[in-house]
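Trainee: Below is the file model31.txt, with compact mmCIF, C-alpha atoms and all ligand atoms.
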# COMPACT_ATOMS: atom_id res chain seq x y z
CA MET M 1 98.79 47.23 91.33
CA PRO M 2 100.00 48.91 94.57
CA LEU M 3 101.62 52.22 93.78
CA GLU M 4 104.88 53.04 95.53
CA ILE M 5 105.72 56.68 95.22
CA SER M 6 109.28 57.59 95.98
CA ASP M 7 110.53 59.97 98.65
CA ASP M 8 111.55 62.25 95.79
CA ALA M 9 107.95 62.37 94.59
CA VAL M 10 106.77 63.20 98.12
CA ASN M 11 109.33 66.00 98.21
CA VAL M 12 107.98 67.34 94.90
CA PHE M 13 104.49 67.36 96.42
CA ARG M 14 105.73 69.20 99.50
CA ARG M 15 107.63 71.73 97.37
CA ASP M 16 105.04 72.36 94.62
CA GLY M 17 101.76 71.55 96.40
CA PHE M 18 100.79 69.00 93.74
CA LEU M 19 102.00 65.83 92.05
CA PHE M 20 100.94 64.23 88.75
CA PRO M 21 100.38 62.08 86.82
CA LEU M 22 100.09 58.90 88.89
CA ARG M 23 98.52 55.91 87.15
CA VAL M 24 96.23 54.14 89.64
CA MET M 25 94.32 51.85 87.28
CA SER M 26 94.27 50.78 83.65
CA ALA M 27 92.46 52.81 81.02
CA ILE M 28 90.05 49.87 80.68
CA GLU M 29 89.16 50.03 84.37
CA ALA M 30 88.67 53.78 84.13
CA GLU M 31 86.35 53.13 81.21
CA SER M 32 84.34 50.69 83.34
CA TYR M 33 83.93 53.32 86.10
CA ARG M 34 82.83 55.81 83.47
CA ALA M 35 80.25 53.28 82.27
CA CYS M 36 78.94 53.00 85.87
CA LEU M 37 78.62 56.77 86.04
CA GLU M 38 76.89 57.07 82.69
CA ALA M 39 74.50 54.24 83.60
CA VAL M 40 73.47 56.27 86.66
CA GLU M 41 72.94 59.33 84.45
CA ALA M 42 70.88 57.29 81.96
CA GLU M 43 68.62 56.15 84.77
CA ARG M 44 68.50 59.18 87.06
CA GLY M 45 69.54 62.18 84.98
CA SER M 46 72.60 64.31 84.40
CA LEU M 47 75.33 64.62 87.01
CA THR M 48 76.68 67.73 85.30
CA GLY M 49 76.63 71.30 86.55
CA LYS M 50 73.70 72.14 88.78
CA PHE M 51 72.73 68.46 89.02
CA ARG M 52 75.90 67.72 90.86
CA SER M 53 75.84 66.69 94.44
CA LEU M 54 78.54 65.94 96.94
CA LYS M 55 79.39 62.59 98.47
CA HIS M 56 77.93 60.27 95.87
CA HIS M 57 80.11 57.57 97.43
CA LEU M 58 77.46 57.33 100.16
CA VAL M 59 74.85 56.14 97.64
CA MET M 60 76.87 54.32 94.96
CA THR M 61 78.75 51.16 95.96
CA TRP M 62 81.19 51.38 93.04
CA LEU M 63 82.29 54.82 94.26
CA ASP M 64 82.55 53.52 97.82
CA GLY M 65 84.97 50.89 96.51
CA LEU M 66 86.86 53.38 94.39
CA ILE M 67 87.72 55.74 97.26
CA ARG M 68 89.29 52.80 99.15
CA ARG M 69 91.55 51.55 96.35
CA PRO M 70 95.07 51.01 97.71
CA GLU M 71 96.56 52.42 94.49
CA ILE M 72 95.03 55.78 95.49
CA LEU M 73 95.34 55.53 99.28
CA ASP M 74 99.00 54.46 99.29
CA PRO M 75 100.34 57.71 97.81
CA VAL M 76 97.85 59.74 99.87
CA ALA M 77 99.13 57.99 103.03
CA LYS M 78 102.67 59.06 102.13
CA VAL M 79 101.51 62.63 102.60
CA LEU M 80 98.78 62.40 105.26
CA GLY M 81 100.00 59.46 107.34
CA PRO M 82 98.24 56.14 108.01
CA ASP M 83 94.90 57.33 109.42
CA ILE M 84 92.73 58.75 106.65
CA LEU M 85 89.16 59.99 106.32
CA CYS M 86 87.36 60.62 103.06
CA TRP M 87 85.73 63.99 103.69
CA SER M 88 83.98 64.37 100.33
CA THR M 89 83.76 63.37 96.71
CA SER M 90 82.63 65.46 93.74
CA LEU M 91 81.95 64.27 90.20
CA LEU M 92 83.29 67.09 88.06
CA ILE M 93 81.88 66.88 84.55
CA LYS M 94 82.23 69.61 81.95
CA GLU M 95 80.09 69.20 78.86
CA PRO M 96 81.32 70.51 75.51
CA GLY M 97 80.37 74.16 75.19
CA ASP M 98 78.71 74.52 78.61
CA GLY M 99 81.12 77.32 79.51
CA ALA M 100 81.72 75.98 83.00
CA HIS M 101 85.00 77.12 84.46
CA VAL M 102 86.64 77.59 87.82
CA SER M 103 88.45 80.76 88.82
CA TRP M 104 91.70 80.76 90.79
CA HIS M 105 91.11 79.70 94.40
CA GLN M 106 92.50 77.81 97.37
CA ASP M 107 90.07 75.22 98.73
CA LEU M 108 91.06 75.60 102.38
CA THR M 109 90.06 79.26 102.45
CA TYR M 110 86.41 78.19 102.73
CA TRP M 111 86.31 74.49 103.64
CA GLY M 112 86.43 75.04 107.42
CA LEU M 113 89.14 72.46 108.15
CA GLU M 114 92.23 72.76 110.35
CA PRO M 115 95.07 71.94 110.29
CA GLY M 116 95.60 71.81 106.53
CA ASP M 117 96.34 68.08 106.21
CA VAL M 118 93.98 67.87 103.26
CA VAL M 119 94.75 66.24 99.92
CA THR M 120 92.56 65.95 96.83
CA ALA M 121 93.05 62.94 94.57
CA TRP M 122 91.59 63.94 91.20
CA LEU M 123 90.89 60.93 88.98
CA ALA M 124 90.46 61.26 85.23
CA LEU M 125 87.61 59.15 83.80
CA SER M 126 88.02 60.72 80.36
CA PRO M 127 91.05 62.25 78.70
CA VAL M 128 91.68 65.53 80.55
CA THR M 129 93.48 68.09 78.42
CA ARG M 130 94.12 71.80 78.14
CA GLN M 131 91.50 71.88 75.40
CA ASN M 132 88.73 70.32 77.51
CA GLY M 133 89.46 72.25 80.67
CA CYS M 134 92.02 70.47 82.83
CA MET M 135 93.04 72.01 86.13
CA ARG M 136 95.95 74.38 86.24
CA MET M 137 97.92 75.01 89.41
CA LEU M 138 100.22 77.61 90.83
CA ARG M 139 103.45 75.97 91.92
CA GLY M 140 104.33 76.59 95.56
CA SER M 141 101.09 78.44 96.35
CA HIS M 142 100.14 76.03 99.18
CA ALA M 143 102.71 77.72 101.41
CA SER M 144 100.61 80.85 101.97
CA ARG M 145 97.05 82.15 101.87
CA LEU M 146 96.29 84.46 98.95
CA ALA M 147 93.57 87.12 99.06
CA HIS M 148 90.17 86.06 97.68
CA ALA M 149 87.18 88.18 96.66
CA ASP M 150 83.63 87.04 95.83
CA THR M 151 82.57 87.61 92.22
CA GLU M 152 79.25 87.38 90.39
CA ASP M 153 79.61 84.91 87.53
CA ASP M 154 77.10 82.09 87.01
CA SER M 155 79.43 80.06 84.80
CA ASN M 156 81.99 79.91 87.60
CA LEU M 157 81.51 76.54 89.28
CA LEU M 158 82.61 77.85 92.66
CA SER M 159 79.67 78.50 94.94
CA ARG M 160 80.41 82.18 95.54
CA GLY M 161 82.77 82.76 92.63
CA GLN M 162 85.63 83.04 95.13
CA THR M 163 88.57 84.33 93.15
CA ILE M 164 92.17 85.10 93.94
CA THR M 165 92.62 88.69 92.90
CA THR M 166 96.40 89.02 92.81
CA GLY M 167 99.53 86.94 93.03
CA ILE M 168 99.23 84.63 89.99
CA ASP M 169 102.73 84.38 88.53
CA GLU M 170 102.14 82.87 85.07
CA ASP M 171 105.66 81.44 85.05
CA LYS M 172 104.63 79.13 87.90
CA VAL M 173 101.40 77.89 86.31
CA VAL M 174 101.26 74.18 85.39
CA TYR M 175 98.48 72.46 83.38
CA LEU M 176 97.57 69.06 84.82
CA GLU M 177 96.69 66.97 81.78
CA LEU M 178 95.70 63.39 82.62
CA GLU M 179 94.88 60.17 80.80
CA PRO M 180 91.94 58.04 81.93
CA GLY M 181 93.01 56.08 85.02
CA GLU M 182 95.56 58.67 86.17
CA ILE M 183 95.26 60.93 89.20
CA SER M 184 96.80 64.14 90.34
CA LEU M 185 97.25 64.94 94.03
CA HIS M 186 97.00 68.48 95.33
CA HIS M 187 97.24 70.05 98.76
CA GLY M 188 94.12 71.78 100.08
CA ASN M 189 95.85 75.13 99.94
CA THR M 190 97.26 74.90 96.39
CA ALA M 191 95.80 77.60 94.14
CA HIS M 192 94.05 76.11 91.11
CA ALA M 193 91.66 77.02 88.30
CA SER M 194 90.30 75.57 85.08
CA ASP M 195 88.99 76.80 81.74
CA PRO M 196 85.78 75.86 79.89
CA ASN M 197 85.61 72.70 77.81
CA ALA M 198 86.41 73.78 74.25
CA SER M 199 86.42 70.22 72.85
CA ASP M 200 83.49 68.15 71.59
CA GLU M 201 83.89 65.43 74.25
CA ARG M 202 82.84 65.34 77.90
CA ARG M 203 85.52 66.04 80.47
CA ILE M 204 84.90 63.73 83.42
CA GLY M 205 86.77 63.74 86.69
CA LEU M 206 86.22 62.57 90.24
CA ALA M 207 87.69 64.68 93.04
CA ILE M 208 88.21 62.68 96.24
CA ARG M 209 88.97 64.83 99.31
CA TYR M 210 91.06 63.03 101.91
CA ILE M 211 91.98 64.37 105.33
CA ALA M 212 94.11 63.12 108.20
CA THR M 213 92.07 62.09 111.24
CA ARG M 214 93.79 64.86 113.27
CA VAL M 215 92.00 67.50 111.17
CA HIS M 216 88.93 69.07 112.79
CA PRO M 217 86.04 71.18 111.52
CA THR M 218 86.39 74.86 112.42
CA GLU M 219 82.67 75.63 112.28
CA GLY M 220 80.05 73.40 113.88
CA GLN M 221 79.58 69.73 113.13
CA ASP M 222 80.79 67.77 110.15
CA SER M 223 81.05 64.15 109.09
CA ALA M 224 83.46 61.92 107.18
CA MET M 225 84.19 58.29 106.33
CA LEU M 226 87.18 56.39 107.71
CA VAL M 227 88.87 54.69 104.75
CA ARG M 228 92.20 53.64 106.27
CA GLY M 229 93.71 53.15 109.71
CA VAL M 230 92.13 54.21 112.99
CA ASP M 231 90.31 57.40 113.99
CA ARG M 232 91.63 58.18 117.47
CA PHE M 233 90.35 61.76 117.35
CA GLU M 234 86.68 61.37 116.33
CA HIS M 235 86.46 65.02 115.30
CA PHE M 236 83.93 64.04 112.61
CA ASP M 237 80.68 62.09 112.82
CA ALA M 238 81.23 58.67 111.28
CA GLU M 239 79.43 57.97 108.01
CA THR M 240 77.96 54.61 106.97
CA ARG M 241 78.95 52.80 103.78
CA PRO M 242 76.26 51.95 101.24
CA THR M 243 75.37 48.28 100.79
CA ALA M 244 73.21 48.78 97.68
CA ASP M 245 73.05 51.64 95.17
CA PHE M 246 70.45 54.26 96.03
CA ASP M 247 68.61 52.02 98.47
CA THR M 248 66.61 53.55 101.31
CA ALA M 249 69.36 53.14 103.89
CA ALA M 250 71.95 54.81 101.63
CA MET M 251 69.67 57.68 100.65
CA THR M 252 68.71 58.26 104.29
CA GLU M 253 72.39 58.37 105.25
CA HIS M 254 73.16 60.83 102.44
CA ASP M 255 70.29 63.07 103.61
CA ARG M 256 71.54 62.88 107.21
CA VAL M 257 75.07 63.79 106.21
CA MET M 258 73.95 66.71 104.06
CA ALA M 259 71.83 68.00 106.92
CA VAL M 260 74.84 67.82 109.24
CA ARG M 261 76.82 69.81 106.74
CA ARG M 262 74.10 72.38 106.00
CA GLY M 263 75.31 75.88 106.68
CA VAL M 264 78.93 75.03 105.98
CA MET M 265 79.89 76.73 102.72
CA MET M 266 80.96 74.05 100.29
CA GLU M 267 82.96 74.20 97.14
CA LYS M 268 80.93 73.06 94.19
CA GLY M 269 83.76 73.17 91.65
NI NI M 301 89.00 73.67 94.21
For the file at hand, write its structure as structure tokens.
Ligand code: NI
Mentor:
Amino acid sequence: MPLEISDDAVNVFRRDGFLFPLRVMSAIEAESYRACLEAVEAERGSLTGKFRSLKHHLVMTWLDGLIRRPEILDPVAKVLGPDILCWSTSLLIKEPGDGAHVSWHQDLTYWGLEPGDVVTAWLALSPVTRQNGCMRMLRGSHASRLAHADTEDDSNLLSRGQTITTGIDEDKVVYLELEPGEISLHHGNTAHASDPNASDERRIGLAIRYIATRVHPTEGQDSAMLVRGVDRFEHFDAETRPTADFDTAAMTEHDRVMAVRRGVMMEKG
């Protein structure tokens, strides 16, 4: 099911800083990925909240396959060009009543990546609604950097509670509701936030961070996985794909990659 997005859709992305919804798989396939995720949780424990970790695609083969799906990479390539690295993945699960929320922020203010050829594909593995805490975005905000301040709030999923303090025009706020198997795309500089899950069902999403190979880390060393095209720049250490879930080689690679990244402030939300 290759997904052709039109030039008009690309123009909407460039104008607004986000684009949704794009169906990249059937609801049944999304359900099967959710079953993979919940099987991992049944065996190894919760992937929610503080149990989250980045880059699970380095230790789970089904995630390694997912980040390479042409239905996702084709629209991403329309924006980033043909040579694409996967810089990170995050499983973003909000349990009913856990209070987890994300304050307004722009990812690129603290990701240490330049230039800003950075796109997140956010895949819904459950229904994602206003009630259960979907993302909301500020239309056009990717065009400039807004002022952020650190806040103290443990229920904020951002690592330092980085919050945009001014400049949120409520008339430009859009709620990105998604059905299972749909993605949204957003630019790394698009201001976004999300509310707590007020439903009685889990909200499950996978954020896949893609960057063009021309992007480079601004602080120290970093690593990434080539998922399409050729890396002629080699600004990032190459990562190795897993061949079996959680085997020694995959776990060792994940540890290596996290050590490379240590000291670089990461978004957790
Ligand atoms: Ni974010």
Trainee: Could you pull the residues within 8 Å of Val118 (chain M), counting only C-alpha atoms, minus those fewer than 4 positions along the same chain, as number ranges by chain?
Mentor: M: 80, 187-188, 209-212
Trainee: Counting all atoms listed in the file, select every polymer residue within 12 Å of (76.3, 72.0, 75.2) as defined in the file's coordinates, and provide the selection as a VMD selection string.
Mentor: chain M and resid 48 to 49 94 to 100 196 to 202
Trainee: Which residue, M:Val215, M:Trp104, M:Asp150, M:Met251, has the smallest gap to ligand NI 301 (chain M) when you use only C-alpha atoms and all ligand atoms?
Mentor: M:Trp104
Trainee: Residues within 9 Å of ligand NI 301 (chain M) should be enumerated using only C-alpha atoms and all ligand atoms and returned as a VMD selection string.
Mentor: chain M and resid 102 to 108 120 158 188 190 to 193 267 to 269
Trainee: Taking 6 positions as the minimum chain separation for residues in the same chain, which residues sit within 12 Å of Glu179 (chain M) when counting all atoms listed in the file? Answer as a list in words.
Mentor: Phe20, Pro21, Leu22, Arg23, Val24, Met25, Ser26, Ala27, Ile28, Ala30, Glu31, Trp122, Leu123, Ala124, Leu125, Ser126, Pro127, Val128, Thr129, Arg130, Cys134, Arg203, Ile204 and Gly205 of chain M
Trainee: Out of M:Leu178, M:Ile183, M:Asp153, M:Ala250, which residue has the shortest atom-to-atom distance to Val119 (chain M) when counting all atoms listed in the file?
Mentor: M:Ile183
Trainee: Calculate how many Å separate CA of Leu138 (chain M) from CA of Ala207 (chain M), rounding to one decimal.
Mentor: 18.1 Å
Trainee: Quick one: distance from CA of Ser90 (chain M) to CA of Trp62 (chain M) in Å, one decimal?
Mentor: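 So the answer is 14.2 Å.
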Trainee: Counting all atoms listed in the file, select every polymer residue within 9 Å of (79.3, 47.9, 98.2) as defined in the file's coordinates, and provide the selection as an NGL selection string.
Mentor: :M and (60-65 or 241-245)
Trainee: Could I see region 233-259 of chain M restored to N, CA, C and O atoms, set down as a PDB file, in the frame of the given file?
Mentor:
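Result file is result22.pdb:
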ATOM      1  N   PHE M 233      90.753  60.396 117.009  1.00  0.00           N
ATOM      2  CA  PHE M 233      90.350  61.760 117.350  1.00  0.00           C
ATOM      3  C   PHE M 233      88.822  61.940 117.376  1.00  0.00           C
ATOM      4  O   PHE M 233      88.303  62.683 118.190  1.00  0.00           O
ATOM      5  N   GLU M 234      88.152  61.287 116.436  1.00  0.00           N
ATOM      6  CA  GLU M 234      86.680  61.370 116.330  1.00  0.00           C
ATOM      7  C   GLU M 234      86.201  62.807 116.284  1.00  0.00           C
ATOM      8  O   GLU M 234      85.223  63.188 116.923  1.00  0.00           O
ATOM      9  N   HIS M 235      86.901  63.642 115.503  1.00  0.00           N
ATOM     10  CA  HIS M 235      86.460  65.020 115.300  1.00  0.00           C
ATOM     11  C   HIS M 235      85.240  65.102 114.382  1.00  0.00           C
ATOM     12  O   HIS M 235      84.564  66.124 114.345  1.00  0.00           O
ATOM     13  N   PHE M 236      85.026  64.047 113.598  1.00  0.00           N
ATOM     14  CA  PHE M 236      83.930  64.040 112.610  1.00  0.00           C
ATOM     15  C   PHE M 236      82.955  62.911 112.949  1.00  0.00           C
ATOM     16  O   PHE M 236      83.368  61.837 113.375  1.00  0.00           O
ATOM     17  N   ASP M 237      81.658  63.161 112.719  1.00  0.00           N
ATOM     18  CA  ASP M 237      80.680  62.090 112.820  1.00  0.00           C
ATOM     19  C   ASP M 237      81.029  61.014 111.801  1.00  0.00           C
ATOM     20  O   ASP M 237      81.356  61.340 110.653  1.00  0.00           O
ATOM     21  N   ALA M 238      80.924  59.772 112.200  1.00  0.00           N
ATOM     22  CA  ALA M 238      81.230  58.670 111.280  1.00  0.00           C
ATOM     23  C   ALA M 238      80.080  58.475 110.295  1.00  0.00           C
ATOM     24  O   ALA M 238      78.903  58.555 110.664  1.00  0.00           O
ATOM     25  N   GLU M 239      80.425  58.231 109.042  1.00  0.00           N
ATOM     26  CA  GLU M 239      79.430  57.970 108.010  1.00  0.00           C
ATOM     27  C   GLU M 239      79.348  56.469 107.742  1.00  0.00           C
ATOM     28  O   GLU M 239      80.309  55.742 107.965  1.00  0.00           O
ATOM     29  N   THR M 240      78.218  56.034 107.220  1.00  0.00           N
ATOM     30  CA  THR M 240      77.960  54.610 106.970  1.00  0.00           C
ATOM     31  C   THR M 240      78.091  54.297 105.485  1.00  0.00           C
ATOM     32  O   THR M 240      77.563  55.029 104.643  1.00  0.00           O
ATOM     33  N   ARG M 241      78.766  53.211 105.180  1.00  0.00           N
ATOM     34  CA  ARG M 241      78.950  52.800 103.780  1.00  0.00           C
ATOM     35  C   ARG M 241      77.637  52.297 103.195  1.00  0.00           C
ATOM     36  O   ARG M 241      76.834  51.682 103.895  1.00  0.00           O
ATOM     37  N   PRO M 242      77.450  52.509 101.880  1.00  0.00           N
ATOM     38  CA  PRO M 242      76.260  51.950 101.240  1.00  0.00           C
ATOM     39  C   PRO M 242      76.425  50.445 101.020  1.00  0.00           C
ATOM     40  O   PRO M 242      77.538  49.972 100.772  1.00  0.00           O
ATOM     41  N   THR M 243      75.332  49.702 101.118  1.00  0.00           N
ATOM     42  CA  THR M 243      75.370  48.280 100.790  1.00  0.00           C
ATOM     43  C   THR M 243      74.664  47.981  99.479  1.00  0.00           C
ATOM     44  O   THR M 243      74.837  46.914  98.899  1.00  0.00           O
ATOM     45  N   ALA M 244      73.856  48.920  98.988  1.00  0.00           N
ATOM     46  CA  ALA M 244      73.210  48.780  97.680  1.00  0.00           C
ATOM     47  C   ALA M 244      73.019  50.185  97.108  1.00  0.00           C
ATOM     48  O   ALA M 244      72.791  51.133  97.854  1.00  0.00           O
ATOM     49  N   ASP M 245      73.126  50.316  95.796  1.00  0.00           N
ATOM     50  CA  ASP M 245      73.050  51.640  95.170  1.00  0.00           C
ATOM     51  C   ASP M 245      71.665  52.256  95.363  1.00  0.00           C
ATOM     52  O   ASP M 245      70.654  51.643  95.017  1.00  0.00           O
ATOM     53  N   PHE M 246      71.665  53.453  95.910  1.00  0.00           N
ATOM     54  CA  PHE M 246      70.450  54.260  96.030  1.00  0.00           C
ATOM     55  C   PHE M 246      69.344  53.567  96.821  1.00  0.00           C
ATOM     56  O   PHE M 246      68.177  53.879  96.627  1.00  0.00           O
ATOM     57  N   ASP M 247      69.696  52.619  97.676  1.00  0.00           N
ATOM     58  CA  ASP M 247      68.610  52.020  98.470  1.00  0.00           C
ATOM     59  C   ASP M 247      68.225  52.980  99.597  1.00  0.00           C
ATOM     60  O   ASP M 247      68.847  54.031  99.796  1.00  0.00           O
ATOM     61  N   THR M 248      67.162  52.621 100.308  1.00  0.00           N
ATOM     62  CA  THR M 248      66.610  53.550 101.310  1.00  0.00           C
ATOM     63  C   THR M 248      67.636  53.890 102.376  1.00  0.00           C
ATOM     64  O   THR M 248      67.777  55.056 102.767  1.00  0.00           O
ATOM     65  N   ALA M 249      68.380  52.891 102.826  1.00  0.00           N
ATOM     66  CA  ALA M 249      69.360  53.140 103.890  1.00  0.00           C
ATOM     67  C   ALA M 249      70.430  54.125 103.401  1.00  0.00           C
ATOM     68  O   ALA M 249      70.808  55.061 104.122  1.00  0.00           O
ATOM     69  N   ALA M 250      70.905  53.935 102.159  1.00  0.00           N
ATOM     70  CA  ALA M 250      71.950  54.810 101.630  1.00  0.00           C
ATOM     71  C   ALA M 250      71.428  56.233 101.423  1.00  0.00           C
ATOM     72  O   ALA M 250      72.111  57.214 101.761  1.00  0.00           O
ATOM     73  N   MET M 251      70.226  56.358 100.890  1.00  0.00           N
ATOM     74  CA  MET M 251      69.670  57.680 100.650  1.00  0.00           C
ATOM     75  C   MET M 251      69.412  58.413 101.971  1.00  0.00           C
ATOM     76  O   MET M 251      69.635  59.618 102.090  1.00  0.00           O
ATOM     77  N   THR M 252      68.959  57.666 102.973  1.00  0.00           N
ATOM     78  CA  THR M 252      68.710  58.260 104.290  1.00  0.00           C
ATOM     79  C   THR M 252      70.030  58.753 104.893  1.00  0.00           C
ATOM     80  O   THR M 252      70.085  59.849 105.474  1.00  0.00           O
ATOM     81  N   GLU M 253      71.086  57.966 104.729  1.00  0.00           N
ATOM     82  CA  GLU M 253      72.390  58.370 105.250  1.00  0.00           C
ATOM     83  C   GLU M 253      72.898  59.620 104.526  1.00  0.00           C
ATOM     84  O   GLU M 253      73.432  60.542 105.150  1.00  0.00           O
ATOM     85  N   HIS M 254      72.721  59.655 103.207  1.00  0.00           N
ATOM     86  CA  HIS M 254      73.160  60.830 102.440  1.00  0.00           C
ATOM     87  C   HIS M 254      72.403  62.080 102.916  1.00  0.00           C
ATOM     88  O   HIS M 254      72.998  63.143 103.122  1.00  0.00           O
ATOM     89  N   ASP M 255      71.089  61.941 103.109  1.00  0.00           N
ATOM     90  CA  ASP M 255      70.290  63.070 103.610  1.00  0.00           C
ATOM     91  C   ASP M 255      70.775  63.523 104.984  1.00  0.00           C
ATOM     92  O   ASP M 255      70.888  64.720 105.257  1.00  0.00           O
ATOM     93  N   ARG M 256      71.073  62.551 105.851  1.00  0.00           N
ATOM     94  CA  ARG M 256      71.540  62.880 107.210  1.00  0.00           C
ATOM     95  C   ARG M 256      72.846  63.668 107.145  1.00  0.00           C
ATOM     96  O   ARG M 256      72.992  64.704 107.801  1.00  0.00           O
ATOM     97  N   VAL M 257      73.756  63.165 106.318  1.00  0.00           N
ATOM     98  CA  VAL M 257      75.070  63.790 106.210  1.00  0.00           C
ATOM     99  C   VAL M 257      74.958  65.202 105.639  1.00  0.00           C
ATOM    100  O   VAL M 257      75.613  66.146 106.108  1.00  0.00           O
ATOM    101  N   MET M 258      74.107  65.378 104.649  1.00  0.00           N
ATOM    102  CA  MET M 258      73.950  66.710 104.060  1.00  0.00           C
ATOM    103  C   MET M 258      73.309  67.675 105.064  1.00  0.00           C
ATOM    104  O   MET M 258      73.627  68.861 105.071  1.00  0.00           O
ATOM    105  N   ALA M 259      72.427  67.155 105.894  1.00  0.00           N
ATOM    106  CA  ALA M 259      71.830  68.000 106.920  1.00  0.00           C
ATOM    107  C   ALA M 259      72.866  68.424 107.960  1.00  0.00           C
ATOM    108  O   ALA M 259      72.886  69.573 108.404  1.00  0.00           O
TER     109      ALA M 259
END
